[in-house]
$ cat work.cif   # mmCIF, C-alpha atoms
data_data
loop_
_atom_site.label_atom_id
_atom_site.label_comp_id
_atom_site.auth_asym_id
_atom_site.auth_seq_id
_atom_site.Cartn_x
_atom_site.Cartn_y
_atom_site.Cartn_z
CA MET A 285 178.74 100.15 125.19
CA SER A 286 181.63 97.69 125.21
CA GLU A 287 183.11 99.52 128.23
CA ILE A 288 179.95 98.87 130.25
CA TRP A 289 179.96 95.22 129.14
CA GLU A 290 183.57 94.90 130.34
CA LYS A 291 182.61 96.42 133.71
CA LEU A 292 179.82 93.85 134.07
CA TRP A 293 182.25 91.09 133.04
CA LYS A 294 184.69 92.20 135.74
CA GLU A 295 181.95 92.46 138.41
CA TRP A 296 181.93 88.65 138.41
CA GLU A 297 185.53 88.70 139.66
CA LYS A 298 184.51 90.91 142.60
CA SER A 299 181.49 88.78 143.48
CA GLY A 300 183.55 85.63 144.07
CA TYR A 301 180.64 83.59 142.73
CA ASN A 302 181.47 80.35 140.94
CA THR A 303 180.62 79.91 137.30
CA ASN A 304 177.36 77.97 137.30
CA ILE A 305 176.80 78.06 133.57
CA SER A 306 177.45 75.18 131.25
CA ILE A 307 176.73 74.47 127.63
CA GLU A 308 175.49 71.11 126.48
CA LYS A 309 176.13 70.08 122.90
CA ILE A 310 173.11 68.09 121.81
CA ASP A 311 173.99 67.07 118.26
CA SER A 312 172.73 63.54 117.78
CA SER A 313 175.65 62.71 115.48
CA GLU A 314 178.25 63.24 118.20
CA ASP A 315 178.65 62.38 121.86
CA SER A 316 176.66 64.69 124.10
CA THR A 317 178.63 66.04 127.03
CA ASN A 318 178.08 68.61 129.71
CA ILE A 319 180.92 71.08 129.83
CA TYR A 320 181.56 73.01 133.02
CA ILE A 321 184.18 75.71 132.68
CA GLU A 322 185.46 77.18 135.92
CA GLU A 323 187.17 80.54 135.66
CA SER A 324 189.97 79.39 137.95
CA ALA A 325 190.79 76.23 136.02
CA SER A 326 194.46 76.32 135.06
CA GLU A 327 195.55 72.77 134.33
CA ILE A 328 197.10 72.43 130.91
CA ASN A 329 196.74 69.22 128.95
CA ALA A 330 199.50 68.62 126.43
CA SER A 331 198.49 65.03 125.76
CA HIS A 332 200.13 65.08 122.33
CA LEU A 333 203.43 65.34 124.27
CA GLY A 334 202.32 62.84 126.88
CA ILE A 335 202.42 65.45 129.66
CA SER A 336 200.06 67.61 131.66
CA SER A 337 201.01 70.47 133.92
CA SER A 338 199.39 73.39 135.67
CA LYS A 339 202.60 75.42 135.36
CA TRP A 340 203.80 74.91 131.78
CA ASN A 341 202.31 74.89 128.34
CA PRO A 342 204.43 75.28 125.19
CA LYS A 343 201.47 76.72 123.21
CA PRO A 344 199.02 78.48 125.51
CA GLN A 345 195.40 77.93 124.49
CA PRO A 346 192.35 79.80 125.72
CA ASN A 347 190.45 78.08 128.49
CA TRP A 348 187.16 78.30 126.59
CA GLN A 349 185.08 75.61 124.96
CA SER A 350 184.51 75.84 121.21
CA PHE A 351 181.59 74.86 119.03
CA SER A 352 181.51 74.70 115.25
CA VAL A 353 178.94 76.52 113.15
CA GLY A 354 175.82 74.37 112.91
CA SER A 355 176.24 72.74 116.34
CA LYS A 356 173.07 72.43 118.38
CA ILE A 357 173.49 73.57 121.98
CA ASN A 358 171.62 74.72 125.04
CA TYR A 359 172.68 76.77 128.04
CA GLN A 360 172.34 75.43 131.55
CA PHE A 361 172.31 77.53 134.73
CA ARG A 362 172.64 75.87 138.16
CA LEU A 363 170.58 77.86 140.66
CA ASN A 364 170.74 77.27 144.42
CA ASN A 365 167.54 79.21 145.23
CA SER A 366 164.42 80.49 143.55
CA GLY A 367 164.77 83.99 142.18
CA TYR A 368 165.13 86.20 139.14
CA LEU A 369 167.60 85.48 136.36
CA ILE A 370 168.60 87.97 133.69
CA VAL A 371 170.71 86.45 130.91
CA THR A 372 172.55 88.68 128.46
CA GLU A 373 174.67 87.52 125.57
CA LYS A 374 177.27 89.35 123.53
CA PHE A 375 177.46 87.71 120.14
CA ALA A 376 180.62 87.45 118.03
CA SER A 377 179.10 90.18 115.85
CA GLY A 378 179.23 92.56 118.83
CA GLU A 379 175.46 92.75 119.30
CA ILE A 380 174.23 92.27 122.86
CA TYR A 381 170.83 90.77 123.66
CA CYS A 382 168.80 90.03 126.77
CA ILE A 383 167.73 86.42 126.16
CA ALA A 384 166.10 85.89 129.57
CA PRO A 385 163.51 86.89 130.40
CA SER A 386 161.98 86.36 126.95
CA VAL A 387 160.13 83.68 124.98
CA LEU A 388 163.31 81.58 125.32
CA SER A 389 163.04 81.28 129.11
CA PRO A 390 160.51 80.39 131.77
CA PRO A 391 158.79 83.37 133.43
CA PHE A 392 160.04 85.04 136.64
CA PRO A 393 160.64 83.92 139.29
CA VAL A 394 162.62 80.85 138.30
CA GLY A 395 162.94 77.84 140.59
CA TRP A 396 166.10 76.37 142.00
CA GLY A 397 167.92 73.59 140.18
CA THR A 398 169.06 73.59 136.58
CA LEU A 399 167.46 76.09 134.24
CA ILE A 400 167.89 75.26 130.54
CA LEU A 401 167.72 77.79 127.69
CA PRO A 402 166.01 77.68 125.35
CA LYS A 403 163.06 76.40 127.38
CA ASP A 404 161.81 74.36 124.40
CA LYS A 405 164.26 71.44 124.49
CA ASP A 406 163.12 70.33 121.01
CA ASP A 407 164.25 73.65 119.52
CA PRO A 408 167.89 74.15 120.66
CA PHE A 409 170.16 77.04 119.76
CA VAL A 410 172.03 76.46 116.49
CA VAL A 411 175.50 78.00 116.43
CA GLN A 412 175.64 80.64 113.68
CA PRO A 413 178.43 82.70 112.12
CA PRO A 414 180.33 84.92 112.48
CA ILE A 415 183.27 83.04 113.90
CA GLY A 416 184.57 84.45 117.16
CA TYR A 417 183.91 84.58 120.88
CA GLU A 418 180.47 84.80 122.44
CA GLU A 419 180.05 85.88 126.06
CA ILE A 420 177.18 85.31 128.47
CA ILE A 421 176.60 87.30 131.64
CA ALA A 422 173.80 86.18 133.94
CA VAL A 423 172.56 88.24 136.88
CA TYR A 424 170.70 86.34 139.58
CA SER A 425 168.86 87.90 142.52
CA LYS A 426 166.22 86.92 145.05
CA GLU A 427 164.51 90.29 144.65
CA GLU A 428 162.61 91.19 141.51
CA PRO A 429 164.71 93.54 139.34
CA GLN A 430 163.19 96.97 138.84
CA LEU A 431 164.29 97.40 135.22
CA ASP A 432 161.46 98.72 133.05
CA TRP A 433 163.12 97.56 129.83
CA LEU A 434 163.23 93.83 130.67
CA PRO A 435 161.36 91.74 128.11
CA GLN A 436 158.15 90.00 129.18
CA PRO A 437 157.84 86.18 128.92
CA GLU A 438 156.01 86.51 125.60
CA ASP A 439 158.56 88.96 124.09
CA GLU A 440 161.39 88.23 121.69
CA PRO A 441 164.94 88.74 123.08
CA LEU A 442 165.75 92.45 123.32
CA GLU A 443 168.79 93.97 121.61
CA LEU A 444 170.40 96.00 124.36
CA GLN A 445 171.49 99.59 124.01
CA THR A 446 173.98 101.52 126.14
CA GLU A 447 171.28 102.73 128.54
CA HIS A 448 170.06 99.16 129.13
CA LEU A 449 173.55 97.94 130.04
CA ALA A 450 174.14 101.00 132.23
CA SER A 451 170.94 100.34 134.19
CA LEU A 452 171.84 96.65 134.53
CA LEU A 453 175.28 97.57 135.91
CA ASN A 454 173.60 100.01 138.29
CA HIS A 455 171.19 97.24 139.38
CA VAL A 456 174.13 94.91 140.07
CA ASN A 457 175.99 97.57 142.06
CA LYS A 458 172.98 98.53 144.20
CA ASN A 459 171.50 95.08 144.90
CA ASN A 460 172.59 91.76 146.30
CA CYS A 461 173.12 90.01 142.96
CA GLN A 462 175.14 86.98 142.02
CA LEU A 463 176.86 87.08 138.66
CA MET A 464 177.69 84.19 136.40
CA ARG A 465 179.65 84.40 133.18
CA TYR A 466 180.68 82.10 130.38
CA LYS A 467 182.62 82.52 127.17
CA TYR A 468 182.90 80.19 124.20
CA LEU A 469 184.40 80.22 120.74
CA ILE A 470 182.52 79.70 117.48
CA THR A 471 184.66 77.92 114.89
CA ALA A 472 184.14 77.05 111.21
#
$ encode --input "work.cif" --output "structure tokens"
Amino acid sequence: MSEIWEKLWKEWEKSGYNTNISIEKIDSSEDSTNIYIEESASEINASHLGISSSKWNPKPQPNWQSFSVGSKINYQFRLNNSGYLIVTEKFASGEIYCIAPSVLSPPFPVGWGTLILPKDKDDPFVVQPPIGYEEIIAVYSKEEPQLDWLPQPEDEPLELQTEHLASLLNHVNKNNCQLMRYKYLITA
């Protein structure tokens, strides 16, 4: 199953589509900021040394945002057209879920602009253990996906199995889809 996930992750590189996913931390106790991570970002900030360079970093750090356990967050997707958005997430535990469509998202088709998950802004995601990386892959298309396993708007998120991921990869390969991906770190 992880091999199929990796193939989907790499499909983004072939598509040449910009990352249009951001995560907003909405904890009231801290500043709320929108974080946009672009895959091609390479500038290194070594402010503790008083320098910044895109070519040198004495201690390379991953280019991923981190959130501590207990943080309240939501996911934001910038869409340029109306269409169909499938959002899958690989948790630090290794489990993979389809979180959109589901009760967490508006029903298909989704409108253009910024789509926020979960759709209930008063009930944000709360970052949970285990500590590690979480990855999001979103598949966006103008045509309705013909995947019989997709959750309905009233359904809970679906834990994906190998056959689900294989059919999603097949859908991406056979249709005009745009892929978006995002990765973040959960810390203690």
$ resolve_selection --input "work.cif" --expression "the PyMOL selection byres ((chain A and resi 425) around 9)" --output "list of chain:residue names"
A:Ser366, A:Gly367, A:Tyr368, A:Leu369, A:Ile370, A:Val423, A:Tyr424, A:Lys426, A:Glu427, A:Glu428, A:Pro429, A:Asn459, A:Asn460, A:Cys461, A:Gln462, A:Leu463
$ residues_around --input "work.cif" --residues "segment 287-295 of chain A" --least-positions-apart "2" --cutoff "7 Å" --atoms "all atoms listed in the file" --output "list of chain:residue names"
A:Met285, A:Glu297, A:Lys298, A:Ser299, A:Ile421, A:Leu449, A:Ala450, A:Leu453
$ atom_distance --input "work.cif" --atom1 "atom CA of Ile357 of chain A" --atom2 "atom CA of Pro408 of chain A"
5.8 Å
$ atom_distance --input "work.cif" --atom1 "atom CA of Thr446 of chain A" --atom2 "atom CA of Glu418 of chain A"
18.3 Å
$ atom_distance --input "work.cif" --atom1 "atom CA of Gly354 of chain A" --atom2 "atom CA of Met464 of chain A"
25.5 Å
$ residues_around --input "work.cif" --residues "Leu434 of chain A" --least-positions-apart "6" --cutoff "12 Å" --atoms "all atoms listed in the file" --output "JSON, numbers by chain"
{"A": [368, 369, 370, 371, 372, 381, 382, 383, 384, 385, 386, 391, 392, 428, 440, 441, 442, 443, 444, 448, 449, 451, 452]}
$ closest_residue --input "work.cif" --among "A:Trp396, A:Phe375, A:Trp348, A:Phe409" --to "Tyr466 of chain A" --atoms "all atoms listed in the file"
A:Trp348
$ closest_residue --input "work.cif" --among "A:Gln349, A:Tyr359, A:Ile310, A:Gly397" --to "Ala422 of chain A" --atoms "only C-alpha atoms"
A:Tyr359
$ closest_residue --input "work.cif" --among "A:Val387, A:Ile470, A:Val410, A:Ile420" --to "Glu438 of chain A" --atoms "only C-alpha atoms"
A:Val387
